[in-house]
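Note: the block below is work-v1.cif and it holds mmCIF, N, CA and C atoms.
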data_target
#
loop_
_atom_site.label_atom_id
_atom_site.label_comp_id
_atom_site.auth_asym_id
_atom_site.auth_seq_id
_atom_site.Cartn_x
_atom_site.Cartn_y
_atom_site.Cartn_z
N MET A 1 103.33 54.37 -243.27
CA MET A 1 102.03 55.01 -243.36
C MET A 1 101.07 54.25 -242.45
N ARG A 2 100.48 54.95 -241.54
CA ARG A 2 99.56 54.31 -240.60
C ARG A 2 98.14 54.39 -241.12
N LEU A 3 97.49 53.26 -241.12
CA LEU A 3 96.11 53.18 -241.59
C LEU A 3 95.20 54.08 -240.77
N ASP A 4 95.41 54.12 -239.47
CA ASP A 4 94.54 54.92 -238.61
C ASP A 4 94.75 56.42 -238.77
N LEU A 5 95.80 56.82 -239.46
CA LEU A 5 96.04 58.24 -239.71
C LEU A 5 95.76 58.63 -241.16
N ALA A 6 95.15 57.71 -241.90
CA ALA A 6 94.80 57.96 -243.30
C ALA A 6 93.31 58.24 -243.42
N THR A 7 92.93 58.79 -244.55
CA THR A 7 91.51 58.95 -244.86
C THR A 7 91.09 57.79 -245.77
N TRP A 8 89.80 57.54 -245.86
CA TRP A 8 89.38 56.43 -246.73
C TRP A 8 89.70 56.71 -248.19
N PRO A 9 89.64 57.97 -248.70
CA PRO A 9 90.07 58.18 -250.09
C PRO A 9 91.56 57.88 -250.30
N GLU A 10 92.40 58.16 -249.29
CA GLU A 10 93.82 57.83 -249.40
C GLU A 10 94.02 56.32 -249.48
N VAL A 11 93.24 55.57 -248.71
CA VAL A 11 93.33 54.11 -248.75
C VAL A 11 92.88 53.59 -250.11
N ALA A 12 91.83 54.20 -250.68
CA ALA A 12 91.36 53.79 -252.00
C ALA A 12 92.44 53.98 -253.06
N VAL A 13 93.14 55.10 -253.01
CA VAL A 13 94.23 55.36 -253.95
C VAL A 13 95.35 54.33 -253.74
N TYR A 14 95.69 54.08 -252.49
CA TYR A 14 96.73 53.09 -252.17
C TYR A 14 96.39 51.73 -252.75
N LEU A 15 95.15 51.28 -252.56
CA LEU A 15 94.74 49.95 -253.02
C LEU A 15 94.75 49.82 -254.54
N MET A 16 94.77 50.93 -255.26
CA MET A 16 94.90 50.84 -256.72
C MET A 16 96.32 50.45 -257.13
N ALA A 17 97.29 50.73 -256.25
CA ALA A 17 98.69 50.45 -256.57
C ALA A 17 99.27 49.28 -255.77
N SER A 18 98.75 49.05 -254.56
CA SER A 18 99.29 48.02 -253.68
C SER A 18 98.16 47.47 -252.82
N THR A 19 98.26 46.18 -252.48
CA THR A 19 97.22 45.56 -251.66
C THR A 19 97.80 44.93 -250.40
N GLY A 20 98.94 45.43 -249.94
CA GLY A 20 99.58 44.88 -248.76
C GLY A 20 99.36 45.74 -247.53
N ILE A 21 99.36 45.08 -246.38
CA ILE A 21 99.25 45.79 -245.11
C ILE A 21 100.02 45.00 -244.06
N ILE A 22 100.61 45.72 -243.12
CA ILE A 22 101.35 45.12 -242.02
C ILE A 22 100.53 45.32 -240.75
N ILE A 23 100.38 44.24 -239.97
CA ILE A 23 99.65 44.34 -238.71
C ILE A 23 100.59 43.98 -237.57
N PRO A 24 100.93 44.95 -236.71
CA PRO A 24 101.74 44.62 -235.55
C PRO A 24 100.87 44.00 -234.44
N THR A 25 101.39 42.96 -233.80
CA THR A 25 100.71 42.37 -232.65
C THR A 25 101.70 42.28 -231.51
N GLY A 26 101.23 42.58 -230.33
CA GLY A 26 102.08 42.52 -229.15
C GLY A 26 101.30 41.99 -227.98
N SER A 27 101.45 42.63 -226.85
CA SER A 27 100.68 42.28 -225.66
C SER A 27 100.69 43.49 -224.73
N THR A 28 99.90 43.37 -223.69
CA THR A 28 99.88 44.37 -222.62
C THR A 28 100.14 43.58 -221.34
N GLU A 29 101.42 43.43 -221.02
CA GLU A 29 101.80 42.58 -219.88
C GLU A 29 103.08 43.09 -219.24
N GLN A 30 103.30 42.63 -218.06
CA GLN A 30 104.50 43.02 -217.31
C GLN A 30 105.76 42.62 -218.05
N HIS A 31 106.81 43.42 -217.85
CA HIS A 31 108.15 43.09 -218.35
C HIS A 31 109.16 43.43 -217.27
N GLY A 32 108.95 42.80 -216.13
CA GLY A 32 109.84 43.05 -215.00
C GLY A 32 109.48 44.36 -214.31
N PRO A 33 110.12 44.66 -213.21
CA PRO A 33 109.76 45.85 -212.45
C PRO A 33 110.11 47.16 -213.13
N MET A 34 110.98 47.13 -214.15
CA MET A 34 111.36 48.37 -214.82
C MET A 34 110.95 48.40 -216.28
N GLY A 35 110.46 47.29 -216.82
CA GLY A 35 110.07 47.23 -218.22
C GLY A 35 108.65 47.75 -218.42
N LEU A 36 108.44 48.40 -219.52
CA LEU A 36 107.12 48.94 -219.82
C LEU A 36 106.11 47.83 -220.09
N ILE A 37 104.91 48.00 -219.62
CA ILE A 37 103.84 47.02 -219.82
C ILE A 37 103.55 46.84 -221.31
N GLY A 38 103.73 47.86 -222.10
CA GLY A 38 103.45 47.78 -223.53
C GLY A 38 104.63 47.39 -224.39
N THR A 39 105.71 46.89 -223.80
CA THR A 39 106.94 46.59 -224.54
C THR A 39 106.69 45.77 -225.80
N ASP A 40 105.94 44.67 -225.70
CA ASP A 40 105.74 43.80 -226.86
C ASP A 40 105.03 44.53 -228.00
N ALA A 41 104.01 45.30 -227.65
CA ALA A 41 103.25 46.03 -228.66
C ALA A 41 104.08 47.18 -229.24
N ILE A 42 104.82 47.87 -228.38
CA ILE A 42 105.65 49.00 -228.83
C ILE A 42 106.71 48.51 -229.81
N CYS A 43 107.38 47.41 -229.47
CA CYS A 43 108.43 46.88 -230.36
C CYS A 43 107.84 46.48 -231.70
N ALA A 44 106.74 45.75 -231.68
CA ALA A 44 106.12 45.31 -232.94
C ALA A 44 105.69 46.50 -233.79
N GLN A 45 105.12 47.51 -233.16
CA GLN A 45 104.67 48.68 -233.92
C GLN A 45 105.84 49.44 -234.53
N GLN A 46 106.89 49.64 -233.77
CA GLN A 46 108.05 50.38 -234.28
C GLN A 46 108.69 49.64 -235.45
N ILE A 47 108.82 48.33 -235.33
CA ILE A 47 109.40 47.53 -236.40
C ILE A 47 108.49 47.55 -237.63
N ALA A 48 107.19 47.42 -237.41
CA ALA A 48 106.24 47.46 -238.52
C ALA A 48 106.31 48.80 -239.24
N GLU A 49 106.37 49.89 -238.50
CA GLU A 49 106.43 51.21 -239.13
C GLU A 49 107.73 51.40 -239.90
N GLY A 50 108.83 50.89 -239.36
CA GLY A 50 110.10 50.98 -240.08
C GLY A 50 110.08 50.19 -241.37
N ALA A 51 109.53 48.98 -241.31
CA ALA A 51 109.41 48.15 -242.53
C ALA A 51 108.47 48.80 -243.53
N ALA A 52 107.37 49.35 -243.04
CA ALA A 52 106.40 49.99 -243.94
C ALA A 52 107.00 51.19 -244.65
N ASP A 53 107.86 51.93 -243.98
CA ASP A 53 108.54 53.06 -244.63
C ASP A 53 109.39 52.58 -245.80
N ILE A 54 110.02 51.43 -245.64
CA ILE A 54 110.89 50.90 -246.69
C ILE A 54 110.08 50.40 -247.88
N VAL A 55 108.99 49.71 -247.63
CA VAL A 55 108.22 49.09 -248.72
C VAL A 55 106.98 49.90 -249.11
N GLU A 56 106.78 51.04 -248.45
CA GLU A 56 105.64 51.92 -248.72
C GLU A 56 104.31 51.19 -248.57
N ALA A 57 104.12 50.63 -247.37
CA ALA A 57 102.89 49.91 -247.06
C ALA A 57 102.18 50.58 -245.89
N TYR A 58 100.92 50.26 -245.75
CA TYR A 58 100.16 50.72 -244.59
C TYR A 58 100.43 49.81 -243.41
N VAL A 59 100.35 50.39 -242.21
CA VAL A 59 100.43 49.64 -240.96
C VAL A 59 99.09 49.81 -240.25
N ALA A 60 98.44 48.69 -239.97
CA ALA A 60 97.18 48.71 -239.23
C ALA A 60 97.45 49.05 -237.77
N PRO A 61 96.42 49.47 -237.04
CA PRO A 61 96.62 49.70 -235.61
C PRO A 61 97.12 48.42 -234.92
N THR A 62 97.99 48.61 -233.96
CA THR A 62 98.58 47.49 -233.23
C THR A 62 97.53 46.77 -232.41
N ILE A 63 97.57 45.45 -232.49
CA ILE A 63 96.68 44.63 -231.66
C ILE A 63 97.46 44.28 -230.39
N ALA A 64 97.03 44.83 -229.26
CA ALA A 64 97.76 44.65 -228.01
C ALA A 64 96.96 43.93 -226.94
N TYR A 65 95.68 43.64 -227.20
CA TYR A 65 94.88 42.85 -226.27
C TYR A 65 94.97 41.40 -226.72
N THR A 66 95.86 40.65 -226.07
CA THR A 66 96.23 39.32 -226.52
C THR A 66 96.34 38.39 -225.31
N PRO A 67 96.54 37.10 -225.55
CA PRO A 67 96.65 36.16 -224.43
C PRO A 67 97.92 36.38 -223.61
N ALA A 68 97.75 36.57 -222.32
CA ALA A 68 98.88 36.67 -221.38
C ALA A 68 98.42 36.19 -220.00
N PRO A 69 97.74 35.05 -219.93
CA PRO A 69 97.13 34.63 -218.66
C PRO A 69 98.14 34.36 -217.54
N TYR A 70 99.36 34.02 -217.89
CA TYR A 70 100.38 33.69 -216.90
C TYR A 70 100.96 34.91 -216.23
N ASN A 71 100.60 36.11 -216.69
CA ASN A 71 101.14 37.33 -216.10
C ASN A 71 100.08 38.20 -215.43
N THR A 72 98.86 37.72 -215.31
CA THR A 72 97.79 38.58 -214.79
C THR A 72 97.95 38.92 -213.31
N ALA A 73 98.81 38.22 -212.59
CA ALA A 73 99.06 38.59 -211.20
C ALA A 73 99.85 39.89 -211.10
N PHE A 74 100.50 40.29 -212.20
CA PHE A 74 101.23 41.55 -212.22
C PHE A 74 100.28 42.68 -212.61
N LEU A 75 100.25 43.70 -211.80
CA LEU A 75 99.34 44.83 -212.02
C LEU A 75 99.57 45.45 -213.40
N GLY A 76 98.48 45.73 -214.08
CA GLY A 76 98.54 46.35 -215.41
C GLY A 76 98.47 45.37 -216.55
N THR A 77 98.74 44.10 -216.30
CA THR A 77 98.64 43.10 -217.37
C THR A 77 97.18 42.91 -217.74
N LEU A 78 96.91 42.95 -219.04
CA LEU A 78 95.58 42.70 -219.57
C LEU A 78 95.66 41.48 -220.47
N SER A 79 94.76 40.55 -220.30
CA SER A 79 94.80 39.31 -221.06
C SER A 79 93.42 38.97 -221.59
N VAL A 80 93.39 38.49 -222.83
CA VAL A 80 92.16 37.91 -223.38
C VAL A 80 92.46 36.45 -223.70
N SER A 81 91.43 35.65 -223.80
CA SER A 81 91.63 34.23 -224.09
C SER A 81 92.07 34.05 -225.54
N GLU A 82 92.70 32.90 -225.80
CA GLU A 82 93.09 32.59 -227.18
C GLU A 82 91.90 32.61 -228.13
N PRO A 83 90.75 32.02 -227.76
CA PRO A 83 89.60 32.08 -228.69
C PRO A 83 89.14 33.50 -229.00
N VAL A 84 89.15 34.38 -228.01
CA VAL A 84 88.75 35.77 -228.25
C VAL A 84 89.75 36.46 -229.18
N PHE A 85 91.04 36.28 -228.91
CA PHE A 85 92.07 36.88 -229.75
C PHE A 85 91.99 36.34 -231.18
N GLU A 86 91.85 35.04 -231.31
CA GLU A 86 91.75 34.42 -232.65
C GLU A 86 90.53 34.94 -233.41
N ALA A 87 89.40 35.07 -232.71
CA ALA A 87 88.19 35.59 -233.35
C ALA A 87 88.38 37.05 -233.78
N LEU A 88 89.01 37.85 -232.93
CA LEU A 88 89.28 39.25 -233.27
C LEU A 88 90.15 39.34 -234.52
N VAL A 89 91.23 38.58 -234.54
CA VAL A 89 92.12 38.59 -235.70
C VAL A 89 91.37 38.14 -236.95
N GLY A 90 90.56 37.10 -236.81
CA GLY A 90 89.77 36.62 -237.95
C GLY A 90 88.85 37.68 -238.51
N GLU A 91 88.20 38.42 -237.64
CA GLU A 91 87.30 39.48 -238.11
C GLU A 91 88.07 40.63 -238.75
N ILE A 92 89.22 40.96 -238.19
CA ILE A 92 90.05 42.02 -238.79
C ILE A 92 90.49 41.59 -240.19
N LEU A 93 90.95 40.34 -240.31
CA LEU A 93 91.37 39.84 -241.63
C LEU A 93 90.20 39.84 -242.61
N ASP A 94 89.05 39.37 -242.18
CA ASP A 94 87.87 39.38 -243.06
C ASP A 94 87.57 40.79 -243.56
N GLY A 95 87.61 41.77 -242.67
CA GLY A 95 87.33 43.14 -243.06
C GLY A 95 88.34 43.68 -244.05
N LEU A 96 89.62 43.43 -243.79
CA LEU A 96 90.66 43.91 -244.70
C LEU A 96 90.55 43.25 -246.07
N ILE A 97 90.30 41.95 -246.09
CA ILE A 97 90.18 41.23 -247.36
C ILE A 97 88.97 41.73 -248.14
N GLN A 98 87.86 41.95 -247.47
CA GLN A 98 86.68 42.48 -248.15
C GLN A 98 86.93 43.86 -248.75
N GLN A 99 87.82 44.63 -248.16
CA GLN A 99 88.13 45.96 -248.66
C GLN A 99 89.17 45.96 -249.78
N GLY A 100 89.78 44.79 -250.04
CA GLY A 100 90.72 44.71 -251.15
C GLY A 100 92.17 44.46 -250.78
N PHE A 101 92.47 44.33 -249.48
CA PHE A 101 93.83 43.97 -249.09
C PHE A 101 94.03 42.48 -249.36
N GLU A 102 95.12 42.15 -250.02
CA GLU A 102 95.38 40.76 -250.42
C GLU A 102 96.62 40.16 -249.78
N PHE A 103 97.51 41.00 -249.26
CA PHE A 103 98.74 40.53 -248.64
C PHE A 103 98.82 41.13 -247.23
N VAL A 104 98.81 40.27 -246.24
CA VAL A 104 98.84 40.71 -244.85
C VAL A 104 100.07 40.11 -244.19
N TYR A 105 100.85 40.96 -243.54
CA TYR A 105 102.07 40.52 -242.87
C TYR A 105 101.96 40.91 -241.40
N PHE A 106 101.88 39.92 -240.54
CA PHE A 106 101.87 40.17 -239.10
C PHE A 106 103.30 40.26 -238.60
N ILE A 107 103.62 41.37 -237.93
CA ILE A 107 104.87 41.48 -237.18
C ILE A 107 104.48 41.25 -235.73
N ASN A 108 104.86 40.11 -235.22
CA ASN A 108 104.44 39.70 -233.88
C ASN A 108 105.51 40.02 -232.85
N GLY A 109 105.04 40.39 -231.65
CA GLY A 109 105.95 40.69 -230.57
C GLY A 109 105.67 39.93 -229.29
N HIS A 110 104.84 38.86 -229.36
CA HIS A 110 104.46 38.14 -228.14
C HIS A 110 104.25 36.67 -228.48
N GLY A 111 105.01 35.80 -227.85
CA GLY A 111 105.00 34.38 -228.18
C GLY A 111 103.64 33.71 -228.09
N ALA A 112 102.82 34.10 -227.13
CA ALA A 112 101.51 33.47 -226.97
C ALA A 112 100.54 33.82 -228.10
N ASN A 113 100.91 34.76 -228.94
CA ASN A 113 100.06 35.13 -230.08
C ASN A 113 100.18 34.17 -231.25
N LEU A 114 101.28 33.45 -231.32
CA LEU A 114 101.61 32.71 -232.54
C LEU A 114 100.56 31.67 -232.93
N ALA A 115 100.17 30.81 -232.02
CA ALA A 115 99.20 29.75 -232.36
C ALA A 115 97.87 30.34 -232.82
N PRO A 116 97.26 31.29 -232.08
CA PRO A 116 96.00 31.84 -232.57
C PRO A 116 96.14 32.65 -233.86
N LEU A 117 97.27 33.35 -234.05
CA LEU A 117 97.48 34.06 -235.31
C LEU A 117 97.53 33.08 -236.48
N ASN A 118 98.25 32.00 -236.30
CA ASN A 118 98.35 31.00 -237.38
C ASN A 118 97.01 30.33 -237.65
N ARG A 119 96.26 30.03 -236.61
CA ARG A 119 94.93 29.43 -236.82
C ARG A 119 94.00 30.39 -237.56
N ALA A 120 94.01 31.65 -237.15
CA ALA A 120 93.12 32.64 -237.79
C ALA A 120 93.50 32.88 -239.24
N SER A 121 94.76 32.65 -239.57
CA SER A 121 95.26 32.91 -240.92
C SER A 121 95.05 31.73 -241.88
N GLN A 122 94.77 30.57 -241.35
CA GLN A 122 94.61 29.38 -242.19
C GLN A 122 93.32 29.46 -243.00
N ASN A 123 93.36 28.87 -244.17
CA ASN A 123 92.18 28.67 -245.01
C ASN A 123 91.55 29.97 -245.52
N LEU A 124 92.30 31.04 -245.56
CA LEU A 124 91.78 32.27 -246.17
C LEU A 124 92.12 32.23 -247.66
N LYS A 125 91.11 32.14 -248.48
CA LYS A 125 91.31 31.93 -249.91
C LYS A 125 91.74 33.18 -250.67
N ASP A 126 91.28 34.33 -250.22
CA ASP A 126 91.46 35.54 -251.01
C ASP A 126 92.62 36.41 -250.56
N ALA A 127 93.51 35.86 -249.74
CA ALA A 127 94.64 36.66 -249.26
C ALA A 127 95.83 35.76 -248.94
N THR A 128 97.00 36.36 -248.99
CA THR A 128 98.22 35.70 -248.55
C THR A 128 98.58 36.29 -247.20
N ILE A 129 98.70 35.44 -246.20
CA ILE A 129 98.97 35.89 -244.83
C ILE A 129 100.31 35.32 -244.40
N ARG A 130 101.13 36.16 -243.80
CA ARG A 130 102.41 35.73 -243.23
C ARG A 130 102.46 36.19 -241.78
N VAL A 131 102.98 35.33 -240.93
CA VAL A 131 103.13 35.64 -239.51
C VAL A 131 104.60 35.44 -239.16
N ARG A 132 105.24 36.49 -238.68
CA ARG A 132 106.64 36.39 -238.25
C ARG A 132 106.82 37.19 -236.97
N SER A 133 107.56 36.65 -236.05
CA SER A 133 107.93 37.36 -234.83
C SER A 133 109.23 38.11 -235.10
N TRP A 134 109.35 39.29 -234.56
CA TRP A 134 110.51 40.13 -234.87
C TRP A 134 111.82 39.49 -234.45
N TRP A 135 111.79 38.61 -233.47
CA TRP A 135 113.03 38.01 -232.97
C TRP A 135 113.49 36.80 -233.77
N GLU A 136 112.75 36.41 -234.80
CA GLU A 136 113.09 35.22 -235.58
C GLU A 136 114.29 35.41 -236.52
N PHE A 137 114.69 36.61 -236.77
CA PHE A 137 115.70 36.88 -237.78
C PHE A 137 117.11 36.83 -237.20
N ASP A 138 118.04 36.23 -237.93
CA ASP A 138 119.41 36.07 -237.46
C ASP A 138 120.07 37.40 -237.11
N THR A 139 119.83 38.42 -237.91
CA THR A 139 120.46 39.72 -237.63
C THR A 139 119.93 40.31 -236.31
N VAL A 140 118.66 40.08 -236.02
CA VAL A 140 118.09 40.55 -234.76
C VAL A 140 118.73 39.80 -233.60
N ASN A 141 118.86 38.51 -233.72
CA ASN A 141 119.46 37.72 -232.65
C ASN A 141 120.92 38.08 -232.43
N ALA A 142 121.63 38.42 -233.48
CA ALA A 142 123.02 38.86 -233.33
C ALA A 142 123.06 40.15 -232.52
N LEU A 143 122.14 41.08 -232.78
CA LEU A 143 122.08 42.32 -232.00
C LEU A 143 121.68 42.05 -230.56
N ARG A 144 120.73 41.15 -230.35
CA ARG A 144 120.32 40.81 -228.99
C ARG A 144 121.49 40.22 -228.21
N ASP A 145 122.25 39.34 -228.86
CA ASP A 145 123.42 38.75 -228.20
C ASP A 145 124.47 39.82 -227.88
N GLU A 146 124.66 40.75 -228.80
CA GLU A 146 125.68 41.77 -228.62
C GLU A 146 125.31 42.74 -227.49
N PHE A 147 124.05 43.15 -227.44
CA PHE A 147 123.65 44.19 -226.49
C PHE A 147 123.11 43.64 -225.17
N TYR A 148 122.61 42.40 -225.19
CA TYR A 148 121.98 41.89 -223.98
C TYR A 148 122.56 40.58 -223.55
#
Represent the supplied structure as structure tokens.
Amino acid sequence: MRLDLATWPEVAVYLMASTGIIIPTGSTEQHGPMGLIGTDAICAQQIAEGAADIVEAYVAPTIAYTPAPYNTAFLGTLSVSEPVFEALVGEILDGLIQQGFEFVYFINGHGANLAPLNRASQNLKDATIRVRSWWEFDTVNALRDEFY
């Protein structure tokens, strides 16, 4: 269930039964001459939506404006600084927590996001925040080894 495709009354009903939300994070950067610029964000969103279908959770809009300064020489790469990304994530978390979301799970798709995601998630008293990159799981790595 995508948050951006819901109405606020639907979210209110959801929050009476569950207070979890999944936030996909990726990047907008080059992935070689044939890879899509949105690969990191696309992968994170698809995985988040698949997980949300299983656990019946909302998926927030994908955050794809993230730090990628080492790839800006490649056309189409968009990068924001770590402080800007961290501040954005912090404000998103504050807004969700104020609305009643208590469990936030980041599905990350870009390595440079990890440090600012973890910093933004620290010291939040009214919510449980988890940050995991989709490639961290043994079953995923087994598939990556098999296919790539």
Practice task
Evaluate the PyMOL selection byres ((chain A and resi 46-55) around 8) here and jot the selected residues down as a VMD selection string.
Solution key: chain A and resid 1 to 2 22 to 24 40 to 45 56 to 60 106 to 108 134
Only N, CA and C atoms, please: the residues just picked out, written as a PDB file, in the coordinates of the input.
ATOM      1  N   MET A   1     103.330  54.370-243.270  1.00  0.00           N
ATOM      2  CA  MET A   1     102.030  55.010-243.360  1.00  0.00           C
ATOM      3  C   MET A   1     101.070  54.250-242.450  1.00  0.00           C
ATOM      4  N   ARG A   2     100.480  54.950-241.540  1.00  0.00           N
ATOM      5  CA  ARG A   2      99.560  54.310-240.600  1.00  0.00           C
ATOM      6  C   ARG A   2      98.140  54.390-241.120  1.00  0.00           C
ATOM      7  N   ILE A  22     100.610  45.720-243.120  1.00  0.00           N
ATOM      8  CA  ILE A  22     101.350  45.120-242.020  1.00  0.00           C
ATOM      9  C   ILE A  22     100.530  45.320-240.750  1.00  0.00           C
ATOM     10  N   ILE A  23     100.380  44.240-239.970  1.00  0.00           N
ATOM     11  CA  ILE A  23      99.650  44.340-238.710  1.00  0.00           C
ATOM     12  C   ILE A  23     100.590  43.980-237.570  1.00  0.00           C
ATOM     13  N   PRO A  24     100.930  44.950-236.710  1.00  0.00           N
ATOM     14  CA  PRO A  24     101.740  44.620-235.550  1.00  0.00           C
ATOM     15  C   PRO A  24     100.870  44.000-234.440  1.00  0.00           C
ATOM     16  N   ASP A  40     105.940  44.670-225.700  1.00  0.00           N
ATOM     17  CA  ASP A  40     105.740  43.800-226.860  1.00  0.00           C
ATOM     18  C   ASP A  40     105.030  44.530-228.000  1.00  0.00           C
ATOM     19  N   ALA A  41     104.010  45.300-227.650  1.00  0.00           N
ATOM     20  CA  ALA A  41     103.250  46.030-228.660  1.00  0.00           C
ATOM     21  C   ALA A  41     104.080  47.180-229.240  1.00  0.00           C
ATOM     22  N   ILE A  42     104.820  47.870-228.380  1.00  0.00           N
ATOM     23  CA  ILE A  42     105.650  49.000-228.830  1.00  0.00           C
ATOM     24  C   ILE A  42     106.710  48.510-229.810  1.00  0.00           C
ATOM     25  N   CYS A  43     107.380  47.410-229.470  1.00  0.00           N
ATOM     26  CA  CYS A  43     108.430  46.880-230.360  1.00  0.00           C
ATOM     27  C   CYS A  43     107.840  46.480-231.700  1.00  0.00           C
ATOM     28  N   ALA A  44     106.740  45.750-231.680  1.00  0.00           N
ATOM     29  CA  ALA A  44     106.120  45.310-232.940  1.00  0.00           C
ATOM     30  C   ALA A  44     105.690  46.500-233.790  1.00  0.00           C
ATOM     31  N   GLN A  45     105.120  47.510-233.160  1.00  0.00           N
ATOM     32  CA  GLN A  45     104.670  48.680-233.920  1.00  0.00           C
ATOM     33  C   GLN A  45     105.840  49.440-234.530  1.00  0.00           C
ATOM     34  N   GLU A  56     106.780  51.040-248.450  1.00  0.00           N
ATOM     35  CA  GLU A  56     105.640  51.920-248.720  1.00  0.00           C
ATOM     36  C   GLU A  56     104.310  51.190-248.570  1.00  0.00           C
ATOM     37  N   ALA A  57     104.120  50.630-247.370  1.00  0.00           N
ATOM     38  CA  ALA A  57     102.890  49.910-247.060  1.00  0.00           C
ATOM     39  C   ALA A  57     102.180  50.580-245.890  1.00  0.00           C
ATOM     40  N   TYR A  58     100.920  50.260-245.750  1.00  0.00           N
ATOM     41  CA  TYR A  58     100.160  50.720-244.590  1.00  0.00           C
ATOM     42  C   TYR A  58     100.430  49.810-243.410  1.00  0.00           C
ATOM     43  N   VAL A  59     100.350  50.390-242.210  1.00  0.00           N
ATOM     44  CA  VAL A  59     100.430  49.640-240.960  1.00  0.00           C
ATOM     45  C   VAL A  59      99.090  49.810-240.250  1.00  0.00           C
ATOM     46  N   ALA A  60      98.440  48.690-239.970  1.00  0.00           N
ATOM     47  CA  ALA A  60      97.180  48.710-239.230  1.00  0.00           C
ATOM     48  C   ALA A  60      97.450  49.050-237.770  1.00  0.00           C
ATOM     49  N   PHE A 106     101.880  39.920-240.540  1.00  0.00           N
ATOM     50  CA  PHE A 106     101.870  40.170-239.100  1.00  0.00           C
ATOM     51  C   PHE A 106     103.300  40.260-238.600  1.00  0.00           C
ATOM     52  N   ILE A 107     103.620  41.370-237.930  1.00  0.00           N
ATOM     53  CA  ILE A 107     104.870  41.480-237.180  1.00  0.00           C
ATOM     54  C   ILE A 107     104.480  41.250-235.730  1.00  0.00           C
ATOM     55  N   ASN A 108     104.860  40.110-235.220  1.00  0.00           N
ATOM     56  CA  ASN A 108     104.440  39.700-233.880  1.00  0.00           C
ATOM     57  C   ASN A 108     105.510  40.020-232.850  1.00  0.00           C
ATOM     58  N   TRP A 134     109.350  39.290-234.560  1.00  0.00           N
ATOM     59  CA  TRP A 134     110.510  40.130-234.870  1.00  0.00           C
ATOM     60  C   TRP A 134     111.820  39.490-234.450  1.00  0.00           C
TER      61      TRP A 134
END
Practice task
Would you work out the distance separating atom CA of A:Thr139 from atom CA of A:Ala120, expressed in Å to one decimal?
Solution key: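 Between atom CA of A:Thr139 and atom CA of A:Ala120 the gap works out to 28.2 Å.
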Problem - Picked residues, the PyMOL selection byres (((chain A and resi 63-69 and name CA) around 6) and name CA), expected as a VMD selection string - result: chain A and resid 25 to 28 41 62 70 to 72 79 to 82 85
Exercise for the section: Please indicate the distance in Å from atom CA of A:Asn123 to atom N of A:Val84, rounded to one decimal place. Expected result: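 Going from atom CA of A:Asn123 over to atom N of A:Val84 covers 18.2 Å.
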Exercise for the section: Using backbone DSSP assignments, extract all alpha helix (DSSP H) residues from chain A; output them as a VMD selection string. Expected result: chain A and resid 8 to 17 39 to 55 82 to 99 114 to 121 138 to 147
